[in-house]
file structure-v2.cif (mmCIF, C-alpha atoms, pLDDT in the B column; chains and numbers go by the auth columns)
data_target
loop_
_atom_site.group_PDB
_atom_site.id
_atom_site.type_symbol
_atom_site.label_atom_id
_atom_site.label_comp_id
_atom_site.label_asym_id
_atom_site.label_seq_id
_atom_site.Cartn_x
_atom_site.Cartn_y
_atom_site.Cartn_z
_atom_site.B_iso_or_equiv
_atom_site.auth_seq_id
_atom_site.auth_asym_id
ATOM 1 C CA MET A 1 -6.536 -28.928 108.016 83.00 1282 A
ATOM 2 C CA LYS A 2 -4.583 -28.634 104.778 95.00 1283 A
ATOM 3 C CA LEU A 3 -6.429 -29.375 101.546 98.00 1284 A
ATOM 4 C CA LYS A 4 -5.522 -32.774 100.121 98.00 1285 A
ATOM 5 C CA VAL A 5 -5.426 -33.213 96.361 98.00 1286 A
ATOM 6 C CA TYR A 6 -5.414 -36.787 95.066 98.00 1287 A
ATOM 7 C CA ALA A 7 -4.025 -36.724 91.545 98.00 1288 A
ATOM 8 C CA ASP A 8 -1.822 -38.178 88.849 98.00 1289 A
ATOM 9 C CA ARG A 9 -0.061 -35.537 86.759 97.00 1290 A
ATOM 10 C CA MET A 10 -0.479 -37.723 83.692 95.00 1291 A
ATOM 11 C CA SER A 11 -4.183 -36.934 84.063 96.00 1292 A
ATOM 12 C CA GLN A 12 -5.159 -33.710 82.333 97.00 1293 A
ATOM 13 C CA PRO A 13 -7.918 -32.797 84.868 98.00 1294 A
ATOM 14 C CA SER A 14 -5.465 -33.474 87.705 98.00 1295 A
ATOM 15 C CA ARG A 15 -2.987 -31.018 86.197 98.00 1296 A
ATOM 16 C CA ALA A 16 -5.653 -28.340 85.913 98.00 1297 A
ATOM 17 C CA VAL A 17 -6.519 -28.624 89.613 98.00 1298 A
ATOM 18 C CA ILE A 18 -2.878 -28.651 90.720 98.00 1299 A
ATOM 19 C CA ILE A 19 -1.967 -25.642 88.559 98.00 1300 A
ATOM 20 C CA PHE A 20 -4.985 -23.741 89.856 98.00 1301 A
ATOM 21 C CA CYS A 21 -3.967 -24.360 93.466 98.00 1302 A
ATOM 22 C CA LYS A 22 -0.388 -23.302 92.830 98.00 1303 A
ATOM 23 C CA VAL A 23 -1.280 -20.168 90.865 98.00 1304 A
ATOM 24 C CA ASN A 24 -3.699 -19.013 93.547 98.00 1305 A
ATOM 25 C CA GLY A 25 -1.475 -19.769 96.526 98.00 1306 A
ATOM 26 C CA ILE A 26 -3.778 -22.444 97.956 98.00 1307 A
ATOM 27 C CA ASP A 27 -1.917 -24.483 100.546 97.00 1308 A
ATOM 28 C CA PHE A 28 -2.396 -28.155 99.697 98.00 1309 A
ATOM 29 C CA GLU A 29 -0.889 -31.590 99.993 98.00 1310 A
ATOM 30 C CA GLU A 30 -0.581 -33.459 96.716 98.00 1311 A
ATOM 31 C CA ILE A 31 -1.135 -37.201 97.065 98.00 1312 A
ATOM 32 C CA ARG A 32 -0.194 -39.151 93.965 98.00 1313 A
ATOM 33 C CA ILE A 33 -2.590 -41.805 92.744 98.00 1314 A
ATOM 34 C CA ASP A 34 -0.657 -43.735 90.103 96.00 1315 A
ATOM 35 C CA LEU A 35 -3.101 -44.609 87.335 93.00 1316 A
ATOM 36 C CA ALA A 36 -0.643 -46.974 85.636 89.00 1317 A
ATOM 37 C CA LYS A 37 -0.553 -49.020 88.860 93.00 1318 A
ATOM 38 C CA ARG A 38 -4.370 -48.912 89.163 93.00 1319 A
ATOM 39 C CA GLN A 39 -4.126 -47.148 92.522 97.00 1320 A
ATOM 40 C CA GLN A 40 -7.390 -45.355 91.732 97.00 1321 A
ATOM 41 C CA LEU A 41 -9.149 -48.708 92.144 97.00 1322 A
ATOM 42 C CA THR A 42 -7.856 -49.498 95.623 98.00 1323 A
ATOM 43 C CA PRO A 43 -10.345 -49.663 98.504 98.00 1324 A
ATOM 44 C CA GLU A 44 -8.453 -46.851 100.236 97.00 1325 A
ATOM 45 C CA PHE A 45 -8.916 -44.432 97.343 98.00 1326 A
ATOM 46 C CA LYS A 46 -12.500 -45.500 96.741 98.00 1327 A
ATOM 47 C CA GLU A 47 -13.204 -44.191 100.229 97.00 1328 A
ATOM 48 C CA ILE A 48 -12.326 -40.800 98.713 98.00 1329 A
ATOM 49 C CA ASN A 49 -13.956 -41.309 95.312 98.00 1330 A
ATOM 50 C CA PRO A 50 -16.175 -44.365 94.919 98.00 1331 A
ATOM 51 C CA LEU A 51 -16.005 -43.910 91.124 98.00 1332 A
ATOM 52 C CA GLY A 52 -12.261 -44.581 91.165 98.00 1333 A
ATOM 53 C CA LYS A 53 -11.118 -41.548 89.172 97.00 1334 A
ATOM 54 C CA VAL A 54 -8.754 -38.638 89.715 98.00 1335 A
ATOM 55 C CA PRO A 55 -8.620 -35.882 90.715 98.00 1336 A
ATOM 56 C CA ALA A 56 -10.363 -35.801 94.062 98.00 1337 A
ATOM 57 C CA VAL A 57 -9.957 -33.488 97.030 98.00 1338 A
ATOM 58 C CA VAL A 58 -10.516 -33.689 100.758 98.00 1339 A
ATOM 59 C CA ASP A 59 -11.009 -30.418 102.630 98.00 1340 A
ATOM 60 C CA GLY A 60 -11.438 -31.286 106.289 97.00 1341 A
ATOM 61 C CA ARG A 61 -14.357 -33.708 106.325 96.00 1342 A
ATOM 62 C CA PHE A 62 -15.547 -32.640 102.886 98.00 1343 A
ATOM 63 C CA LYS A 63 -14.767 -34.921 99.943 98.00 1344 A
ATOM 64 C CA LEU A 64 -15.243 -33.914 96.313 98.00 1345 A
ATOM 65 C CA PHE A 65 -14.458 -35.385 92.908 98.00 1346 A
ATOM 66 C CA GLU A 66 -14.954 -34.338 89.261 98.00 1347 A
ATOM 67 C CA SER A 67 -12.422 -31.709 88.210 98.00 1348 A
ATOM 68 C CA HIS A 68 -14.859 -28.992 87.156 98.00 1349 A
ATOM 69 C CA ALA A 69 -16.726 -29.244 90.447 98.00 1350 A
ATOM 70 C CA ILE A 70 -13.390 -29.111 92.264 98.00 1351 A
ATOM 71 C CA LEU A 71 -12.246 -26.006 90.366 98.00 1352 A
ATOM 72 C CA ILE A 72 -15.542 -24.246 91.095 98.00 1353 A
ATOM 73 C CA TYR A 73 -15.280 -25.182 94.780 98.00 1354 A
ATOM 74 C CA LEU A 74 -11.689 -23.969 95.082 98.00 1355 A
ATOM 75 C CA ALA A 75 -12.447 -20.696 93.290 98.00 1356 A
ATOM 76 C CA THR A 76 -15.477 -20.079 95.496 98.00 1357 A
ATOM 77 C CA VAL A 77 -14.301 -21.177 98.938 97.00 1358 A
ATOM 78 C CA PHE A 78 -10.643 -20.210 99.186 97.00 1359 A
ATOM 79 C CA PRO A 79 -9.800 -16.547 99.858 95.00 1360 A
ATOM 80 C CA GLY A 80 -7.543 -14.608 97.554 94.00 1361 A
ATOM 81 C CA VAL A 81 -8.579 -16.304 94.302 98.00 1362 A
ATOM 82 C CA ALA A 82 -8.819 -13.646 91.596 97.00 1363 A
ATOM 83 C CA ASP A 83 -12.360 -13.034 90.343 98.00 1364 A
ATOM 84 C CA HIS A 84 -11.499 -13.749 86.703 98.00 1365 A
ATOM 85 C CA TRP A 85 -11.123 -17.465 87.420 98.00 1366 A
ATOM 86 C CA TYR A 86 -14.812 -17.882 88.283 98.00 1367 A
ATOM 87 C CA PRO A 87 -16.473 -14.461 88.410 98.00 1368 A
ATOM 88 C CA ALA A 88 -19.039 -13.406 90.984 97.00 1369 A
ATOM 89 C CA ASP A 89 -21.114 -11.996 88.114 98.00 1370 A
ATOM 90 C CA LEU A 90 -23.858 -14.572 87.534 98.00 1371 A
ATOM 91 C CA PHE A 91 -23.968 -14.052 83.769 98.00 1372 A
ATOM 92 C CA LYS A 92 -20.213 -14.542 83.353 97.00 1373 A
ATOM 93 C CA LYS A 93 -20.321 -17.519 85.693 98.00 1374 A
ATOM 94 C CA ALA A 94 -23.082 -19.159 83.659 98.00 1375 A
ATOM 95 C CA LYS A 95 -21.092 -18.658 80.444 98.00 1376 A
ATOM 96 C CA ILE A 96 -18.047 -20.341 81.980 98.00 1377 A
ATOM 97 C CA GLN A 97 -20.244 -23.210 83.101 98.00 1378 A
ATOM 98 C CA SER A 98 -21.518 -23.604 79.542 98.00 1379 A
ATOM 99 C CA VAL A 99 -17.934 -24.049 78.296 98.00 1380 A
ATOM 100 C CA LEU A 100 -17.219 -26.628 80.988 98.00 1381 A
ATOM 101 C CA ASP A 101 -20.361 -28.600 80.117 98.00 1382 A
ATOM 102 C CA TRP A 102 -19.466 -28.496 76.412 98.00 1383 A
ATOM 103 C CA HIS A 103 -15.933 -29.674 77.192 98.00 1384 A
ATOM 104 C CA HIS A 104 -16.993 -33.017 78.674 94.00 1385 A
ATOM 105 C CA SER A 105 -19.015 -34.202 75.692 95.00 1386 A
ATOM 106 C CA ASN A 106 -16.846 -32.699 72.954 98.00 1387 A
ATOM 107 C CA LEU A 107 -13.190 -31.754 73.432 98.00 1388 A
ATOM 108 C CA ARG A 108 -12.552 -34.239 76.230 98.00 1389 A
ATOM 109 C CA ARG A 109 -14.235 -37.093 74.395 97.00 1390 A
ATOM 110 C CA GLY A 110 -12.128 -36.383 71.308 98.00 1391 A
ATOM 111 C CA ALA A 111 -8.749 -35.639 72.885 98.00 1392 A
ATOM 112 C CA ALA A 112 -8.826 -38.307 75.585 96.00 1393 A
ATOM 113 C CA GLY A 113 -10.145 -40.938 73.184 97.00 1394 A
ATOM 114 C CA TYR A 114 -7.516 -40.146 70.581 98.00 1395 A
ATOM 115 C CA VAL A 115 -4.561 -40.156 72.982 97.00 1396 A
ATOM 116 C CA LEU A 116 -5.723 -43.328 74.721 95.00 1397 A
ATOM 117 C CA ASN A 117 -6.202 -45.293 71.521 96.00 1398 A
ATOM 118 C CA THR A 118 -3.019 -44.127 69.787 95.00 1399 A
ATOM 119 C CA VAL A 119 -0.502 -44.091 72.662 92.00 1400 A
ATOM 120 C CA LEU A 120 -1.563 -44.622 76.254 88.00 1401 A
ATOM 121 C CA ALA A 121 -3.695 -47.768 76.174 89.00 1402 A
ATOM 122 C CA PRO A 122 -0.786 -50.262 76.563 87.00 1403 A
ATOM 123 C CA ALA A 123 0.457 -48.434 79.663 79.00 1404 A
ATOM 124 C CA LEU A 124 -2.975 -49.011 81.188 79.00 1405 A
ATOM 125 C CA GLY A 125 -3.108 -52.654 80.167 83.00 1406 A
ATOM 126 C CA LEU A 126 -5.463 -52.011 77.249 88.00 1407 A
ATOM 127 C CA PRO A 127 -5.118 -52.705 73.493 93.00 1408 A
ATOM 128 C CA LEU A 128 -4.763 -49.907 70.970 94.00 1409 A
ATOM 129 C CA ASN A 129 -7.895 -49.338 68.909 96.00 1410 A
ATOM 130 C CA PRO A 130 -7.255 -47.612 65.560 96.00 1411 A
ATOM 131 C CA GLN A 131 -10.948 -47.403 64.711 97.00 1412 A
ATOM 132 C CA ALA A 132 -11.764 -45.723 68.029 98.00 1413 A
ATOM 133 C CA ALA A 133 -8.800 -43.395 67.506 97.00 1414 A
ATOM 134 C CA ALA A 134 -10.110 -42.369 64.075 98.00 1415 A
ATOM 135 C CA GLU A 135 -13.558 -41.637 65.480 98.00 1416 A
ATOM 136 C CA ALA A 136 -12.074 -39.684 68.372 98.00 1417 A
ATOM 137 C CA GLU A 137 -9.934 -37.641 65.983 98.00 1418 A
ATOM 138 C CA LYS A 138 -13.059 -36.515 64.145 98.00 1419 A
ATOM 139 C CA VAL A 139 -14.570 -35.294 67.416 98.00 1420 A
ATOM 140 C CA LEU A 140 -11.292 -33.649 68.406 98.00 1421 A
ATOM 141 C CA THR A 141 -10.876 -31.831 65.086 98.00 1422 A
ATOM 142 C CA SER A 142 -14.456 -30.609 65.214 98.00 1423 A
ATOM 143 C CA SER A 143 -13.953 -29.426 68.797 98.00 1424 A
ATOM 144 C CA LEU A 144 -10.811 -27.459 67.945 98.00 1425 A
ATOM 145 C CA SER A 145 -12.697 -25.773 65.122 98.00 1426 A
ATOM 146 C CA LYS A 146 -15.537 -24.904 67.495 98.00 1427 A
ATOM 147 C CA ILE A 147 -13.100 -23.379 69.960 98.00 1428 A
ATOM 148 C CA GLU A 148 -11.667 -21.141 67.249 97.00 1429 A
ATOM 149 C CA SER A 149 -14.937 -20.178 65.602 97.00 1430 A
ATOM 150 C CA PHE A 150 -17.089 -19.796 68.709 97.00 1431 A
ATOM 151 C CA TRP A 151 -15.462 -19.923 72.137 98.00 1432 A
ATOM 152 C CA LEU A 152 -12.484 -17.750 71.088 97.00 1433 A
ATOM 153 C CA LYS A 153 -14.408 -15.375 68.841 92.00 1434 A
ATOM 154 C CA GLY A 154 -14.324 -12.415 71.247 88.00 1435 A
ATOM 155 C CA ARG A 155 -11.761 -9.641 71.379 90.00 1436 A
ATOM 156 C CA GLY A 156 -9.914 -11.020 74.387 96.00 1437 A
ATOM 157 C CA ARG A 157 -7.145 -13.605 74.355 97.00 1438 A
ATOM 158 C CA PHE A 158 -9.139 -16.164 76.307 98.00 1439 A
ATOM 159 C CA LEU A 159 -12.418 -18.068 76.069 98.00 1440 A
ATOM 160 C CA LEU A 160 -15.613 -16.024 75.918 97.00 1441 A
ATOM 161 C CA GLY A 161 -13.601 -12.923 74.995 96.00 1442 A
ATOM 162 C CA GLY A 162 -11.884 -12.686 78.366 97.00 1443 A
ATOM 163 C CA ASN A 163 -8.722 -10.704 78.941 97.00 1444 A
ATOM 164 C CA GLN A 164 -7.665 -13.065 81.732 98.00 1445 A
ATOM 165 C CA PRO A 165 -8.075 -16.838 81.994 98.00 1446 A
ATOM 166 C CA SER A 166 -10.953 -18.591 83.733 98.00 1447 A
ATOM 167 C CA ILE A 167 -11.138 -22.130 85.087 98.00 1448 A
ATOM 168 C CA ALA A 168 -12.527 -23.076 81.671 98.00 1449 A
ATOM 169 C CA ASP A 169 -9.349 -21.917 79.905 98.00 1450 A
ATOM 170 C CA LEU A 170 -7.192 -23.917 82.294 98.00 1451 A
ATOM 171 C CA SER A 171 -9.300 -27.064 82.025 98.00 1452 A
ATOM 172 C CA LEU A 172 -9.498 -27.057 78.224 98.00 1453 A
ATOM 173 C CA VAL A 173 -5.841 -26.175 77.672 98.00 1454 A
ATOM 174 C CA CYS A 174 -4.706 -28.986 79.979 98.00 1455 A
ATOM 175 C CA GLU A 175 -6.897 -31.312 77.929 98.00 1456 A
ATOM 176 C CA ILE A 176 -5.262 -30.290 74.657 98.00 1457 A
ATOM 177 C CA MET A 177 -1.791 -30.553 76.194 98.00 1458 A
ATOM 178 C CA GLN A 178 -2.332 -34.310 76.414 97.00 1459 A
ATOM 179 C CA LEU A 179 -1.600 -34.354 72.676 97.00 1460 A
ATOM 180 C CA GLU A 180 2.048 -33.772 73.551 95.00 1461 A
ATOM 181 C CA VAL A 181 2.491 -37.521 74.065 94.00 1462 A
ATOM 182 C CA VAL A 182 1.329 -38.555 70.600 94.00 1463 A
ATOM 183 C CA ASP A 183 3.492 -38.853 67.523 92.00 1464 A
ATOM 184 C CA GLU A 184 4.922 -35.440 66.578 92.00 1465 A
ATOM 185 C CA GLU A 185 3.650 -35.671 63.026 95.00 1466 A
ATOM 186 C CA ASP A 186 0.135 -36.549 64.152 96.00 1467 A
ATOM 187 C CA ARG A 187 0.057 -33.789 66.754 96.00 1468 A
ATOM 188 C CA ASN A 188 1.158 -31.220 64.203 96.00 1469 A
ATOM 189 C CA ARG A 189 -1.389 -32.489 61.700 97.00 1470 A
ATOM 190 C CA ILE A 190 -4.192 -32.051 64.231 98.00 1471 A
ATOM 191 C CA LEU A 191 -3.120 -28.784 65.871 98.00 1472 A
ATOM 192 C CA GLY A 192 -1.285 -27.204 62.946 97.00 1473 A
ATOM 193 C CA PRO A 193 -4.341 -25.724 61.187 97.00 1474 A
ATOM 194 C CA HIS A 194 -5.594 -24.115 64.409 98.00 1475 A
ATOM 195 C CA LYS A 195 -3.277 -21.130 64.871 97.00 1476 A
ATOM 196 C CA LYS A 196 -5.715 -19.337 67.156 97.00 1477 A
ATOM 197 C CA VAL A 197 -5.864 -22.353 69.465 98.00 1478 A
ATOM 198 C CA GLN A 198 -2.065 -22.522 69.530 98.00 1479 A
ATOM 199 C CA GLN A 199 -1.844 -18.868 70.554 98.00 1480 A
ATOM 200 C CA TRP A 200 -4.498 -19.360 73.230 98.00 1481 A
ATOM 201 C CA ILE A 201 -2.539 -22.306 74.674 98.00 1482 A
ATOM 202 C CA GLU A 202 0.570 -20.132 74.835 98.00 1483 A
ATOM 203 C CA ASP A 203 -1.373 -17.244 76.409 98.00 1484 A
ATOM 204 C CA THR A 204 -2.784 -19.566 79.088 98.00 1485 A
ATOM 205 C CA ARG A 205 0.675 -20.945 79.753 98.00 1486 A
ATOM 206 C CA ASN A 206 2.117 -17.439 80.094 98.00 1487 A
ATOM 207 C CA ALA A 207 -0.668 -16.499 82.508 98.00 1488 A
ATOM 208 C CA THR A 208 0.165 -19.426 84.789 98.00 1489 A
ATOM 209 C CA ILE A 209 3.954 -19.773 84.612 97.00 1490 A
ATOM 210 C CA PRO A 210 6.069 -21.101 86.231 98.00 1491 A
ATOM 211 C CA HIS A 211 3.477 -23.538 87.554 98.00 1492 A
ATOM 212 C CA PHE A 212 2.172 -24.581 84.127 98.00 1493 A
ATOM 213 C CA ASP A 213 5.607 -25.766 83.020 97.00 1494 A
ATOM 214 C CA GLU A 214 6.434 -27.428 86.330 98.00 1495 A
ATOM 215 C CA VAL A 215 3.219 -29.428 86.493 98.00 1496 A
ATOM 216 C CA HIS A 216 3.585 -30.567 82.868 97.00 1497 A
ATOM 217 C CA LYS A 217 7.137 -31.904 83.347 96.00 1498 A
ATOM 218 C CA LEU A 218 5.877 -35.427 83.974 93.00 1499 A
ATOM 219 C CA LEU A 219 3.966 -35.321 80.688 93.00 1500 A
ATOM 220 C CA PHE A 220 7.126 -34.455 78.781 89.00 1501 A
ATOM 221 C CA LYS A 221 9.061 -37.231 80.513 90.00 1502 A
ATOM 222 C CA ALA A 222 6.370 -39.650 79.452 86.00 1503 A
ATOM 223 C CA LYS A 223 6.574 -38.251 75.931 79.00 1504 A
ATOM 224 C CA ALA A 224 10.308 -38.983 75.834 78.00 1505 A
ATOM 225 C CA ARG A 225 9.754 -42.563 76.994 77.00 1506 A
ATOM 226 C CA LEU A 226 6.979 -43.161 74.496 70.00 1507 A
ATOM 227 C CA LYS A 227 9.025 -41.775 71.621 67.00 1508 A
ATOM 228 C CA LYS A 228 11.615 -44.500 72.180 65.00 1509 A
ATOM 229 C CA GLN A 229 8.873 -46.963 71.322 58.00 1510 A
ATOM 230 C CA LEU A 230 8.014 -45.219 68.031 49.00 1511 A
ATOM 231 C CA PRO A 231 10.273 -46.576 65.248 43.00 1512 A
ATOM 232 C CA LYS A 232 9.519 -43.827 62.762 43.00 1513 A
ATOM 233 C CA GLU A 233 10.800 -41.087 65.025 37.00 1514 A
ATOM 234 C CA SER A 234 14.358 -40.491 66.133 33.00 1515 A
ATOM 235 C CA GLU A 235 15.177 -39.988 69.795 35.00 1516 A
ATOM 236 C CA THR A 236 16.968 -36.809 68.822 32.00 1517 A
ATOM 237 C CA GLU A 237 13.599 -35.273 67.955 34.00 1518 A
ATOM 238 C CA THR A 238 12.361 -35.541 71.539 33.00 1519 A
ATOM 239 C CA GLN A 239 11.304 -32.198 72.950 35.00 1520 A
ATOM 240 C CA SER A 240 11.989 -31.597 76.641 34.00 1521 A
ATOM 241 C CA SER A 241 10.353 -28.236 77.234 35.00 1522 A
ATOM 242 C CA PHE A 242 6.988 -26.704 76.449 35.00 1523 A
ATOM 243 C CA LYS A 243 7.866 -23.699 74.345 41.00 1524 A
ATOM 244 C CA PRO A 244 9.717 -25.469 71.487 34.00 1525 A
ATOM 245 C CA THR A 245 6.919 -27.999 71.054 42.00 1526 A
ATOM 246 C CA ILE A 246 4.319 -25.257 70.718 37.00 1527 A
ATOM 247 C CA HIS A 247 6.228 -23.279 68.159 33.00 1528 A
ATOM 248 C CA SER A 248 8.091 -25.922 66.127 31.00 1529 A
ATOM 249 C CA LYS A 249 6.697 -27.419 62.923 33.00 1530 A
ATOM 250 C CA MET A 250 3.338 -25.676 63.320 29.00 1531 A
#
call {"tool": "encode", "arguments": {"input": "structure-v2.cif", "output": "structure tokens"}}
result
Amino acid sequence: MKLKVYADRMSQPSRAVIIFCKVNGIDFEEIRIDLAKRQQLTPEFKEINPLGKVPAVVDGRFKLFESHAILIYLATVFPGVADHWYPADLFKKAKIQSVLDWHHSNLRRGAAGYVLNTVLAPALGLPLNPQAAAEAEKVLTSSLSKIESFWLKGRGRFLLGGNQPSIADLSLVCEIMQLEVVDEEDRNRILGPHKKVQQWIEDTRNATIPHFDEVHKLLFKAKARLKKQLPKESETETQSSFKPTIHSKM
């Protein structure tokens, strides 16, 4: 049976799983779970993931949720996945796992919290929370600095000094890409000082094109809609493709 991927492309972990499948030629059926419509809370989806979150996958009778666990499963079980994504070498594998564990309590907490409390909350029926956004920005800024000073300190272009991306690169870059929906000035203020992170994002994109751009299209459409709601920005400033937004004003 074909792998089923339950996802919403507005979800950064969902995008990472979808891109991984596409890059590695994994045959799958994408089933959209619209977070804005609370479809993740329906009884039908909770049969797949009782926690009511995306992404989740069903492979035959096997059900799995949590994006990092999914990426590890896909890289391990499906034939033809290049070794650099999740190496057979136990030492390299453990290092990748350390990045993924760090991600959840650092970068994800900062980026997701900031985006939610500055932009996305109303779309989910929640109020904006400036104080929570300020706290999340501190965590996010610290995390970006850690990525530059520690996780990207090797000679390679990718995390842990790799010359090719791992599942950790894909997961973390998709997380940072969520900043595309925030105010342009704020995004540039946060990402602007981190030139090494910007280059790493571009390198990860280049390693996964055209799928990276295709899967992020929905994010850019959402960005265009949200910008119409921001009075201090002109609609003419809306960016519609990835490359200009990475290189402009940074």
call {"tool": "closest_residue", "arguments": {"input": "structure-v2.cif", "among": "A:Ala1392, A:Leu1316, A:Leu1472, A:Val1463", "to": "Ser1426 (chain A)", "atoms": "all atoms listed in the file"}}
result
A:Leu1472
call {"tool": "axis_aligned_box", "arguments": {"input": "structure-v2.cif", "around": "region 1334-1351 of chain A", "padding_each_side": "6 Å", "output": "JSON"}}
result
{"center_x": -12.7, "center_y": -35.3, "center_z": 96.7, "size_x": 20.1, "size_y": 24.6, "size_z": 31.2}
call {"tool": "residues_around", "arguments": {"input": "structure-v2.cif", "residues": "Val1496 (chain A)", "least_positions_apart": "5", "cutoff": "12 Å", "atoms": "all atoms listed in the file", "output": "compact mmCIF listing (two decimals) with C-alpha atoms, keeping the file's coordinate frame"}}
result
# COMPACT_ATOMS: atom_id res chain seq x y z
CA ALA A 1288 -4.03 -36.72 91.54
CA ASP A 1289 -1.82 -38.18 88.85
CA ARG A 1290 -0.06 -35.54 86.76
CA MET A 1291 -0.48 -37.72 83.69
CA SER A 1292 -4.18 -36.93 84.06
CA GLN A 1293 -5.16 -33.71 82.33
CA PRO A 1294 -7.92 -32.80 84.87
CA SER A 1295 -5.46 -33.47 87.70
CA ARG A 1296 -2.99 -31.02 86.20
CA ALA A 1297 -5.65 -28.34 85.91
CA VAL A 1298 -6.52 -28.62 89.61
CA ILE A 1299 -2.88 -28.65 90.72
CA ILE A 1300 -1.97 -25.64 88.56
CA PHE A 1301 -4.99 -23.74 89.86
CA CYS A 1302 -3.97 -24.36 93.47
CA LYS A 1303 -0.39 -23.30 92.83
CA VAL A 1304 -1.28 -20.17 90.86
CA GLU A 1311 -0.58 -33.46 96.72
CA CYS A 1455 -4.71 -28.99 79.98
CA MET A 1458 -1.79 -30.55 76.19
CA ARG A 1486 0.68 -20.94 79.75
CA THR A 1489 0.16 -19.43 84.79
CA ILE A 1490 3.95 -19.77 84.61
CA PRO A 1491 6.07 -21.10 86.23
CA PHE A 1501 7.13 -34.46 78.78
CA LYS A 1502 9.06 -37.23 80.51
CA SER A 1522 10.35 -28.24 77.23
CA PHE A 1523 6.99 -26.70 76.45
call {"tool": "atom_distance", "arguments": {"input": "structure-v2.cif", "atom1": "CA of Val1396 (chain A)", "atom2": "CA of His1349 (chain A)"}}
result
20.8 Å
call {"tool": "resolve_selection", "arguments": {"input": "structure-v2.cif", "expression": "the PyMOL selection byres ((chain A and resi 1333) around 9)", "output": "ChimeraX atom specification"}}
result
/A:1320-1323,1326-1327,1329-1332,1334-1335
call {"tool": "resolve_selection", "arguments": {"input": "structure-v2.cif", "expression": "the PyMOL selection byres ((chain A and resi 1310) around 8)", "output": "list in words"}}
result
Lys1283, Leu1284, Lys1285, Val1286, Asp1308, Phe1309, Glu1311 and Ile1312 of chain A
call {"tool": "write_last_selection", "arguments": {"input": "structure-v2.cif", "atoms": "C-alpha atoms", "output": "mmCIF file, in the coordinates of the input"}}
result
data_model
loop_
_atom_site.group_PDB
_atom_site.id
_atom_site.type_symbol
_atom_site.label_atom_id
_atom_site.label_comp_id
_atom_site.auth_asym_id
_atom_site.auth_seq_id
_atom_site.Cartn_x
_atom_site.Cartn_y
_atom_site.Cartn_z
ATOM 1 C CA LYS A 1283 -4.583 -28.634 104.778
ATOM 2 C CA LEU A 1284 -6.429 -29.375 101.546
ATOM 3 C CA LYS A 1285 -5.522 -32.774 100.121
ATOM 4 C CA VAL A 1286 -5.426 -33.213 96.361
ATOM 5 C CA ASP A 1308 -1.917 -24.483 100.546
ATOM 6 C CA PHE A 1309 -2.396 -28.155 99.697
ATOM 7 C CA GLU A 1311 -0.581 -33.459 96.716
ATOM 8 C CA ILE A 1312 -1.135 -37.201 97.065
#
call {"tool": "resolve_selection", "arguments": {"input": "structure-v2.cif", "expression": "the PyMOL selection byres ((chain A and resi 1409) around 12)", "output": "tab-separated table (two decimals) with C-alpha atoms, keeping the file's coordinate frame"}}
result
chain	number	residue	atom	x	y	z
A	1394	GLY	CA	-10.14	-40.94	73.18
A	1395	TYR	CA	-7.52	-40.15	70.58
A	1396	VAL	CA	-4.56	-40.16	72.98
A	1397	LEU	CA	-5.72	-43.33	74.72
A	1398	ASN	CA	-6.20	-45.29	71.52
A	1399	THR	CA	-3.02	-44.13	69.79
A	1400	VAL	CA	-0.50	-44.09	72.66
A	1401	LEU	CA	-1.56	-44.62	76.25
A	1402	ALA	CA	-3.70	-47.77	76.17
A	1403	PRO	CA	-0.79	-50.26	76.56
A	1404	ALA	CA	0.46	-48.43	79.66
A	1405	LEU	CA	-2.98	-49.01	81.19
A	1406	GLY	CA	-3.11	-52.65	80.17
A	1407	LEU	CA	-5.46	-52.01	77.25
A	1408	PRO	CA	-5.12	-52.70	73.49
A	1410	ASN	CA	-7.90	-49.34	68.91
A	1411	PRO	CA	-7.26	-47.61	65.56
A	1412	GLN	CA	-10.95	-47.40	64.71
A	1413	ALA	CA	-11.76	-45.72	68.03
A	1414	ALA	CA	-8.80	-43.40	67.51
A	1415	ALA	CA	-10.11	-42.37	64.08
call {"tool": "closest_residue", "arguments": {"input": "structure-v2.cif", "among": "A:Ile1314, A:Leu1453, A:Leu1460, A:Ala1356", "to": "His1384 (chain A)", "atoms": "all atoms listed in the file"}}
result
A:Leu1453
call {"tool": "atom_distance", "arguments": {"input": "structure-v2.cif", "atom1": "CA of Ile1307 (chain A)", "atom2": "CA of Lys1373 (chain A)"}}
result
23.4 Å
call {"tool": "atom_distance", "arguments": {"input": "structure-v2.cif", "atom1": "CA of Ala1363 (chain A)", "atom2": "CA of Arg1313 (chain A)"}}
result
27.0 Å
call {"tool": "closest_residue", "arguments": {"input": "structure-v2.cif", "among": "A:Glu1456, A:Glu1465, A:Leu1425, A:Gly1306", "to": "Val1362 (chain A)", "atoms": "all atoms listed in the file"}}
result
A:Gly1306
call {"tool": "closest_residue", "arguments": {"input": "structure-v2.cif", "among": "A:Asn1469, A:Gln1445, A:Thr1357, A:Ser1452", "to": "Trp1383 (chain A)", "atoms": "all atoms listed in the file"}}
result
A:Ser1452
call {"tool": "residues_near_point", "arguments": {"input": "structure-v2.cif", "point": "(-1.7, -18.2, 76.3)", "cutoff": "10 Å", "atoms": "all atoms listed in the file", "output": "PyMOL selection string"}}
result
chain A and resi 1438-1439+1445-1446+1450-1451+1454+1478-1489
call {"tool": "closest_residue", "arguments": {"input": "structure-v2.cif", "among": "A:Ile1428, A:Val1358, A:Ala1369, A:Ala1375", "to": "Lys1476 (chain A)", "atoms": "only C-alpha atoms"}}
result
A:Ile1428
call {"tool": "closest_residue", "arguments": {"input": "structure-v2.cif", "among": "A:His1475, A:Arg1390, A:Lys1427, A:Lys1419", "to": "Leu1440 (chain A)", "atoms": "all atoms listed in the file"}}
result
A:Lys1427
